[in-house]
Amino acid sequence: MNVGERIKFSFGGKEKEGVVTRVFPKKVYLKVDFPKHPGKIIIRSLAELEGKGPERKKKEKPKKAKKEKAPKEKKGEEKKEKTAAG
């Protein structure tokens with residue numbers, strides 16, 4: 001893989017084509033033309049582009065368990081209980 005080569009890669013479930021701008025031991029910088037953003041730089045791992053490693057996946061955030069809240073008493077109800085008892 002050399003600078004200036006055209007490479008096809010997956011982006012958003014579709015095939016995109018980009019030009020290699022920089023090559024590092026583990027990463028590749030690709031220049032891609034999107035409809036509303038021409039010349040965008042995308043970074044991909046070298047293993048992903050060559051098909052050696054697993055494909056990129058989005059990280060899922062762990063869902064938090066919701067705490068149950070005790071029902072709040074209204075101020076008006078407290079006054080009615082006091083006057084009825086007293």
# chains A, B, ... in the order shown; residues from 1 in each chain; ligands from 1

$ select_by_dssp --residues "chain A" --states "helix (DSSP H, G or I)" --output "short mmCIF file (atom, residue, chain, number, x, y, z; two decimals) with N, CA and C atoms, in the first residue's frame"
data_model
loop_
_atom_site.label_atom_id
_atom_site.label_comp_id
_atom_site.auth_asym_id
_atom_site.auth_seq_id
_atom_site.Cartn_x
_atom_site.Cartn_y
_atom_site.Cartn_z
N LEU A 46 -4.60 -0.67 9.28
CA LEU A 46 -4.04 -1.36 8.13
C LEU A 46 -4.59 -2.79 8.05
N ALA A 47 -4.75 -3.44 9.19
CA ALA A 47 -5.26 -4.80 9.22
C ALA A 47 -6.71 -4.86 8.73
N GLU A 48 -7.50 -3.85 9.05
CA GLU A 48 -8.89 -3.82 8.62
C GLU A 48 -9.00 -3.69 7.10
N LEU A 49 -8.15 -2.87 6.51
CA LEU A 49 -8.19 -2.67 5.06
C LEU A 49 -7.67 -3.87 4.30
N GLU A 50 -6.70 -4.57 4.86
CA GLU A 50 -6.14 -5.74 4.19
C GLU A 50 -6.97 -7.00 4.46
N LYS A 75 -48.52 18.21 49.38
CA LYS A 75 -48.65 19.01 50.59
C LYS A 75 -50.12 19.14 51.00
N GLY A 76 -51.00 19.23 50.07
CA GLY A 76 -52.43 19.37 50.35
C GLY A 76 -52.98 18.15 51.06
N GLU A 77 -52.49 16.96 50.73
CA GLU A 77 -52.97 15.73 51.35
C GLU A 77 -52.54 15.65 52.81
N GLU A 78 -51.36 16.16 53.12
CA GLU A 78 -50.88 16.13 54.51
C GLU A 78 -51.76 17.01 55.40
N LYS A 79 -52.18 18.15 54.90
CA LYS A 79 -53.03 19.07 55.68
C LYS A 79 -54.39 18.46 55.94
N LYS A 80 -54.94 17.77 54.95
CA LYS A 80 -56.26 17.15 55.10
C LYS A 80 -56.22 16.05 56.17
N GLU A 81 -55.12 15.27 56.18
CA GLU A 81 -54.99 14.21 57.17
C GLU A 81 -54.89 14.78 58.58
N LYS A 82 -54.18 15.88 58.73
CA LYS A 82 -54.01 16.50 60.06
C LYS A 82 -55.34 17.06 60.56
N THR A 83 -56.09 17.71 59.68
CA THR A 83 -57.36 18.30 60.12
C THR A 83 -58.40 17.23 60.39
N ALA A 84 -58.38 16.13 59.70
CA ALA A 84 -59.34 15.06 59.92
C ALA A 84 -59.02 14.34 61.24
N ALA A 85 -57.74 14.19 61.56
CA ALA A 85 -57.37 13.51 62.80
C ALA A 85 -57.55 14.41 64.02
#

$ atom_distance --atom1 "atom CA of A:Arg44" --atom2 "atom CA of A:Lys61"
22.3 Å

$ residues_around --residues "stretch 15-30 of chain A" --least-positions-apart "2" --cutoff "6 Å" --atoms "only C-alpha atoms" --output "list of chain:residue names"
A:Val3, A:Gly4, A:Glu5, A:Arg6, A:Ile7, A:Lys8, A:Phe9, A:Ser10, A:Val32, A:Ile41, A:Ile42, A:Ile43, A:Arg44, A:Ser45, A:Leu46

$ select_by_dssp --residues "chain A" --states "strand (DSSP E or B)" --output "list in words"
Arg6, Ile7, Lys8, Phe9, Ser10, Phe11, Lys14, Glu15, Lys16, Glu17, Gly18, Val19, Val20, Thr21, Arg22, Val23, Lys27, Val28, Tyr29, Leu30, Lys31, Val32, Lys40, Ile41, Ile42, Ile43, Arg44 and Ser45 of chain A

$ write_last_selection --atoms "C-alpha atoms" --output "mmCIF file, in the first residue's frame"
data_model
loop_
_atom_site.group_PDB
_atom_site.id
_atom_site.type_symbol
_atom_site.label_atom_id
_atom_site.label_comp_id
_atom_site.auth_asym_id
_atom_site.auth_seq_id
_atom_site.Cartn_x
_atom_site.Cartn_y
_atom_site.Cartn_z
ATOM 1 C CA ARG A 6 -7.121 4.236 -4.657
ATOM 2 C CA ILE A 7 -8.650 1.842 -2.133
ATOM 3 C CA LYS A 8 -12.217 0.673 -1.541
ATOM 4 C CA PHE A 9 -13.315 0.281 2.083
ATOM 5 C CA SER A 10 -16.547 -0.136 4.015
ATOM 6 C CA PHE A 11 -18.120 2.979 5.489
ATOM 7 C CA LYS A 14 -21.555 0.803 1.963
ATOM 8 C CA GLU A 15 -18.442 0.682 -0.184
ATOM 9 C CA LYS A 16 -16.520 3.963 -0.435
ATOM 10 C CA GLU A 17 -13.410 4.747 -2.415
ATOM 11 C CA GLY A 18 -10.567 6.858 -1.105
ATOM 12 C CA VAL A 19 -7.014 7.889 -1.912
ATOM 13 C CA VAL A 20 -4.199 6.962 0.489
ATOM 14 C CA THR A 21 -2.574 10.128 1.858
ATOM 15 C CA ARG A 22 -0.405 8.742 4.683
ATOM 16 C CA VAL A 23 0.744 5.262 5.683
ATOM 17 C CA LYS A 27 -2.864 3.041 10.436
ATOM 18 C CA VAL A 28 -3.748 4.469 7.038
ATOM 19 C CA TYR A 29 -5.121 7.954 6.311
ATOM 20 C CA LEU A 30 -7.582 8.073 3.402
ATOM 21 C CA LYS A 31 -8.923 11.149 1.642
ATOM 22 C CA VAL A 32 -12.583 10.614 0.703
ATOM 23 C CA LYS A 40 -12.547 14.425 4.372
ATOM 24 C CA ILE A 41 -9.724 12.419 5.968
ATOM 25 C CA ILE A 42 -10.709 8.978 7.303
ATOM 26 C CA ILE A 43 -8.391 6.886 9.487
ATOM 27 C CA ARG A 44 -8.492 3.096 9.245
ATOM 28 C CA SER A 45 -6.285 0.362 10.629
#

$ atom_distance --atom1 "atom CA of A:Pro38" --atom2 "atom CA of A:Gly51"
26.4 Å

$ decode --residues "stretch 27-73 of chain A" --atoms "N, CA and C atoms" --output "PDB file, in the first residue's frame"
ATOM      1  N   LYS A  27      -1.724   2.231  10.876  1.00  0.00           N
ATOM      2  CA  LYS A  27      -2.864   3.041  10.436  1.00  0.00           C
ATOM      3  C   LYS A  27      -2.632   3.610   9.052  1.00  0.00           C
ATOM      4  N   VAL A  28      -3.780   3.878   8.369  1.00  0.00           N
ATOM      5  CA  VAL A  28      -3.748   4.469   7.038  1.00  0.00           C
ATOM      6  C   VAL A  28      -4.702   5.652   7.026  1.00  0.00           C
ATOM      7  N   TYR A  29      -4.284   6.768   6.448  1.00  0.00           N
ATOM      8  CA  TYR A  29      -5.121   7.954   6.311  1.00  0.00           C
ATOM      9  C   TYR A  29      -5.633   7.998   4.871  1.00  0.00           C
ATOM     10  N   LEU A  30      -6.964   8.062   4.719  1.00  0.00           N
ATOM     11  CA  LEU A  30      -7.582   8.073   3.402  1.00  0.00           C
ATOM     12  C   LEU A  30      -8.322   9.381   3.179  1.00  0.00           C
ATOM     13  N   LYS A  31      -8.196   9.929   1.998  1.00  0.00           N
ATOM     14  CA  LYS A  31      -8.923  11.149   1.642  1.00  0.00           C
ATOM     15  C   LYS A  31     -10.133  10.722   0.815  1.00  0.00           C
ATOM     16  N   VAL A  32     -11.339  11.061   1.321  1.00  0.00           N
ATOM     17  CA  VAL A  32     -12.583  10.614   0.703  1.00  0.00           C
ATOM     18  C   VAL A  32     -13.455  11.828   0.396  1.00  0.00           C
ATOM     19  N   ASP A  33     -14.136  11.800  -0.737  1.00  0.00           N
ATOM     20  CA  ASP A  33     -15.055  12.874  -1.103  1.00  0.00           C
ATOM     21  C   ASP A  33     -16.476  12.457  -0.771  1.00  0.00           C
ATOM     22  N   PHE A  34     -17.062  13.116   0.221  1.00  0.00           N
ATOM     23  CA  PHE A  34     -18.460  12.915   0.575  1.00  0.00           C
ATOM     24  C   PHE A  34     -19.276  14.025  -0.085  1.00  0.00           C
ATOM     25  N   PRO A  35     -20.585  13.812  -0.265  1.00  0.00           N
ATOM     26  CA  PRO A  35     -21.401  14.834  -0.935  1.00  0.00           C
ATOM     27  C   PRO A  35     -21.331  16.221  -0.286  1.00  0.00           C
ATOM     28  N   LYS A  36     -21.395  16.289   1.029  1.00  0.00           N
ATOM     29  CA  LYS A  36     -21.384  17.585   1.703  1.00  0.00           C
ATOM     30  C   LYS A  36     -20.047  17.916   2.362  1.00  0.00           C
ATOM     31  N   HIS A  37     -19.061  17.015   2.212  1.00  0.00           N
ATOM     32  CA  HIS A  37     -17.756  17.239   2.838  1.00  0.00           C
ATOM     33  C   HIS A  37     -16.642  16.695   1.935  1.00  0.00           C
ATOM     34  N   PRO A  38     -16.295  17.409   0.884  1.00  0.00           N
ATOM     35  CA  PRO A  38     -15.233  16.912  -0.002  1.00  0.00           C
ATOM     36  C   PRO A  38     -13.859  17.002   0.668  1.00  0.00           C
ATOM     37  N   GLY A  39     -13.053  15.980   0.451  1.00  0.00           N
ATOM     38  CA  GLY A  39     -11.691  15.981   0.982  1.00  0.00           C
ATOM     39  C   GLY A  39     -11.579  15.562   2.428  1.00  0.00           C
ATOM     40  N   LYS A  40     -12.581  14.859   2.971  1.00  0.00           N
ATOM     41  CA  LYS A  40     -12.547  14.425   4.372  1.00  0.00           C
ATOM     42  C   LYS A  40     -11.485  13.344   4.551  1.00  0.00           C
ATOM     43  N   ILE A  41     -10.756  13.408   5.652  1.00  0.00           N
ATOM     44  CA  ILE A  41      -9.724  12.419   5.968  1.00  0.00           C
ATOM     45  C   ILE A  41     -10.315  11.373   6.907  1.00  0.00           C
ATOM     46  N   ILE A  42     -10.219  10.109   6.517  1.00  0.00           N
ATOM     47  CA  ILE A  42     -10.709   8.978   7.303  1.00  0.00           C
ATOM     48  C   ILE A  42      -9.509   8.144   7.716  1.00  0.00           C
ATOM     49  N   ILE A  43      -9.484   7.710   8.972  1.00  0.00           N
ATOM     50  CA  ILE A  43      -8.391   6.886   9.487  1.00  0.00           C
ATOM     51  C   ILE A  43      -8.889   5.454   9.656  1.00  0.00           C
ATOM     52  N   ARG A  44      -8.159   4.508   9.115  1.00  0.00           N
ATOM     53  CA  ARG A  44      -8.492   3.096   9.245  1.00  0.00           C
ATOM     54  C   ARG A  44      -7.234   2.318   9.616  1.00  0.00           C
ATOM     55  N   SER A  45      -7.438   1.194  10.303  1.00  0.00           N
ATOM     56  CA  SER A  45      -6.285   0.362  10.629  1.00  0.00           C
ATOM     57  C   SER A  45      -5.862  -0.407   9.383  1.00  0.00           C
ATOM     58  N   LEU A  46      -4.596  -0.668   9.282  1.00  0.00           N
ATOM     59  CA  LEU A  46      -4.041  -1.364   8.132  1.00  0.00           C
ATOM     60  C   LEU A  46      -4.591  -2.789   8.050  1.00  0.00           C
ATOM     61  N   ALA A  47      -4.748  -3.440   9.190  1.00  0.00           N
ATOM     62  CA  ALA A  47      -5.260  -4.798   9.224  1.00  0.00           C
ATOM     63  C   ALA A  47      -6.706  -4.856   8.725  1.00  0.00           C
ATOM     64  N   GLU A  48      -7.495  -3.849   9.046  1.00  0.00           N
ATOM     65  CA  GLU A  48      -8.894  -3.817   8.617  1.00  0.00           C
ATOM     66  C   GLU A  48      -9.000  -3.687   7.096  1.00  0.00           C
ATOM     67  N   LEU A  49      -8.151  -2.872   6.508  1.00  0.00           N
ATOM     68  CA  LEU A  49      -8.190  -2.669   5.062  1.00  0.00           C
ATOM     69  C   LEU A  49      -7.665  -3.873   4.297  1.00  0.00           C
ATOM     70  N   GLU A  50      -6.704  -4.570   4.862  1.00  0.00           N
ATOM     71  CA  GLU A  50      -6.145  -5.743   4.194  1.00  0.00           C
ATOM     72  C   GLU A  50      -6.968  -7.000   4.459  1.00  0.00           C
ATOM     73  N   GLY A  51      -7.922  -6.926   5.388  1.00  0.00           N
ATOM     74  CA  GLY A  51      -8.795  -8.063   5.649  1.00  0.00           C
ATOM     75  C   GLY A  51      -8.229  -9.066   6.638  1.00  0.00           C
ATOM     76  N   LYS A  52      -7.204  -8.691   7.377  1.00  0.00           N
ATOM     77  CA  LYS A  52      -6.589  -9.619   8.327  1.00  0.00           C
ATOM     78  C   LYS A  52      -7.334  -9.645   9.659  1.00  0.00           C
ATOM     79  N   GLY A  53      -7.790  -8.500  10.127  1.00  0.00           N
ATOM     80  CA  GLY A  53      -8.399  -8.406  11.446  1.00  0.00           C
ATOM     81  C   GLY A  53      -9.910  -8.354  11.365  1.00  0.00           C
ATOM     82  N   PRO A  54     -10.556  -8.347  12.513  1.00  0.00           N
ATOM     83  CA  PRO A  54     -12.017  -8.247  12.536  1.00  0.00           C
ATOM     84  C   PRO A  54     -12.469  -6.864  12.084  1.00  0.00           C
ATOM     85  N   GLU A  55     -13.692  -6.791  11.563  1.00  0.00           N
ATOM     86  CA  GLU A  55     -14.214  -5.501  11.120  1.00  0.00           C
ATOM     87  C   GLU A  55     -14.514  -4.618  12.303  1.00  0.00           C
ATOM     88  N   ARG A  56     -14.565  -3.357  12.041  1.00  0.00           N
ATOM     89  CA  ARG A  56     -14.799  -2.361  13.074  1.00  0.00           C
ATOM     90  C   ARG A  56     -16.240  -2.438  13.575  1.00  0.00           C
ATOM     91  N   LYS A  57     -16.405  -2.389  14.885  1.00  0.00           N
ATOM     92  CA  LYS A  57     -17.735  -2.436  15.481  1.00  0.00           C
ATOM     93  C   LYS A  57     -17.911  -1.247  16.410  1.00  0.00           C
ATOM     94  N   LYS A  58     -19.134  -0.784  16.536  1.00  0.00           N
ATOM     95  CA  LYS A  58     -19.416   0.295  17.475  1.00  0.00           C
ATOM     96  C   LYS A  58     -19.489  -0.287  18.878  1.00  0.00           C
ATOM     97  N   LYS A  59     -19.014   0.460  19.837  1.00  0.00           N
ATOM     98  CA  LYS A  59     -19.072   0.018  21.225  1.00  0.00           C
ATOM     99  C   LYS A  59     -20.467   0.256  21.770  1.00  0.00           C
ATOM    100  N   GLU A  60     -21.011  -0.749  22.438  1.00  0.00           N
ATOM    101  CA  GLU A  60     -22.321  -0.596  23.052  1.00  0.00           C
ATOM    102  C   GLU A  60     -22.149  -0.161  24.488  1.00  0.00           C
ATOM    103  N   LYS A  61     -22.902   0.838  24.862  1.00  0.00           N
ATOM    104  CA  LYS A  61     -22.837   1.325  26.229  1.00  0.00           C
ATOM    105  C   LYS A  61     -23.716   0.434  27.105  1.00  0.00           C
ATOM    106  N   PRO A  62     -23.225   0.074  28.299  1.00  0.00           N
ATOM    107  CA  PRO A  62     -24.065  -0.748  29.182  1.00  0.00           C
ATOM    108  C   PRO A  62     -25.267   0.061  29.650  1.00  0.00           C
ATOM    109  N   LYS A  63     -26.418  -0.598  29.656  1.00  0.00           N
ATOM    110  CA  LYS A  63     -27.636   0.084  30.083  1.00  0.00           C
ATOM    111  C   LYS A  63     -27.705   0.122  31.595  1.00  0.00           C
ATOM    112  N   LYS A  64     -28.101   1.266  32.113  1.00  0.00           N
ATOM    113  CA  LYS A  64     -28.209   1.427  33.550  1.00  0.00           C
ATOM    114  C   LYS A  64     -29.595   1.001  34.006  1.00  0.00           C
ATOM    115  N   ALA A  65     -29.634   0.349  35.169  1.00  0.00           N
ATOM    116  CA  ALA A  65     -30.919  -0.059  35.733  1.00  0.00           C
ATOM    117  C   ALA A  65     -31.574   1.157  36.373  1.00  0.00           C
ATOM    118  N   LYS A  66     -32.845   1.328  36.110  1.00  0.00           N
ATOM    119  CA  LYS A  66     -33.549   2.471  36.676  1.00  0.00           C
ATOM    120  C   LYS A  66     -33.964   2.162  38.104  1.00  0.00           C
ATOM    121  N   LYS A  67     -33.788   3.148  38.967  1.00  0.00           N
ATOM    122  CA  LYS A  67     -34.188   2.990  40.356  1.00  0.00           C
ATOM    123  C   LYS A  67     -35.655   3.364  40.494  1.00  0.00           C
ATOM    124  N   GLU A  68     -36.371   2.608  41.309  1.00  0.00           N
ATOM    125  CA  GLU A  68     -37.771   2.927  41.544  1.00  0.00           C
ATOM    126  C   GLU A  68     -37.853   3.958  42.662  1.00  0.00           C
ATOM    127  N   LYS A  69     -38.631   4.978  42.414  1.00  0.00           N
ATOM    128  CA  LYS A  69     -38.775   6.037  43.398  1.00  0.00           C
ATOM    129  C   LYS A  69     -40.059   5.826  44.186  1.00  0.00           C
ATOM    130  N   ALA A  70     -40.008   6.194  45.470  1.00  0.00           N
ATOM    131  CA  ALA A  70     -41.205   6.128  46.296  1.00  0.00           C
ATOM    132  C   ALA A  70     -42.145   7.251  45.869  1.00  0.00           C
ATOM    133  N   PRO A  71     -43.437   6.996  45.856  1.00  0.00           N
ATOM    134  CA  PRO A  71     -44.365   8.057  45.451  1.00  0.00           C
ATOM    135  C   PRO A  71     -44.329   9.224  46.442  1.00  0.00           C
ATOM    136  N   LYS A  72     -44.344  10.427  45.891  1.00  0.00           N
ATOM    137  CA  LYS A  72     -44.295  11.619  46.733  1.00  0.00           C
ATOM    138  C   LYS A  72     -45.698  11.973  47.205  1.00  0.00           C
ATOM    139  N   GLU A  73     -45.766  12.458  48.440  1.00  0.00           N
ATOM    140  CA  GLU A  73     -47.050  12.902  48.969  1.00  0.00           C
ATOM    141  C   GLU A  73     -47.191  14.392  48.709  1.00  0.00           C
TER     142      GLU A  73
END
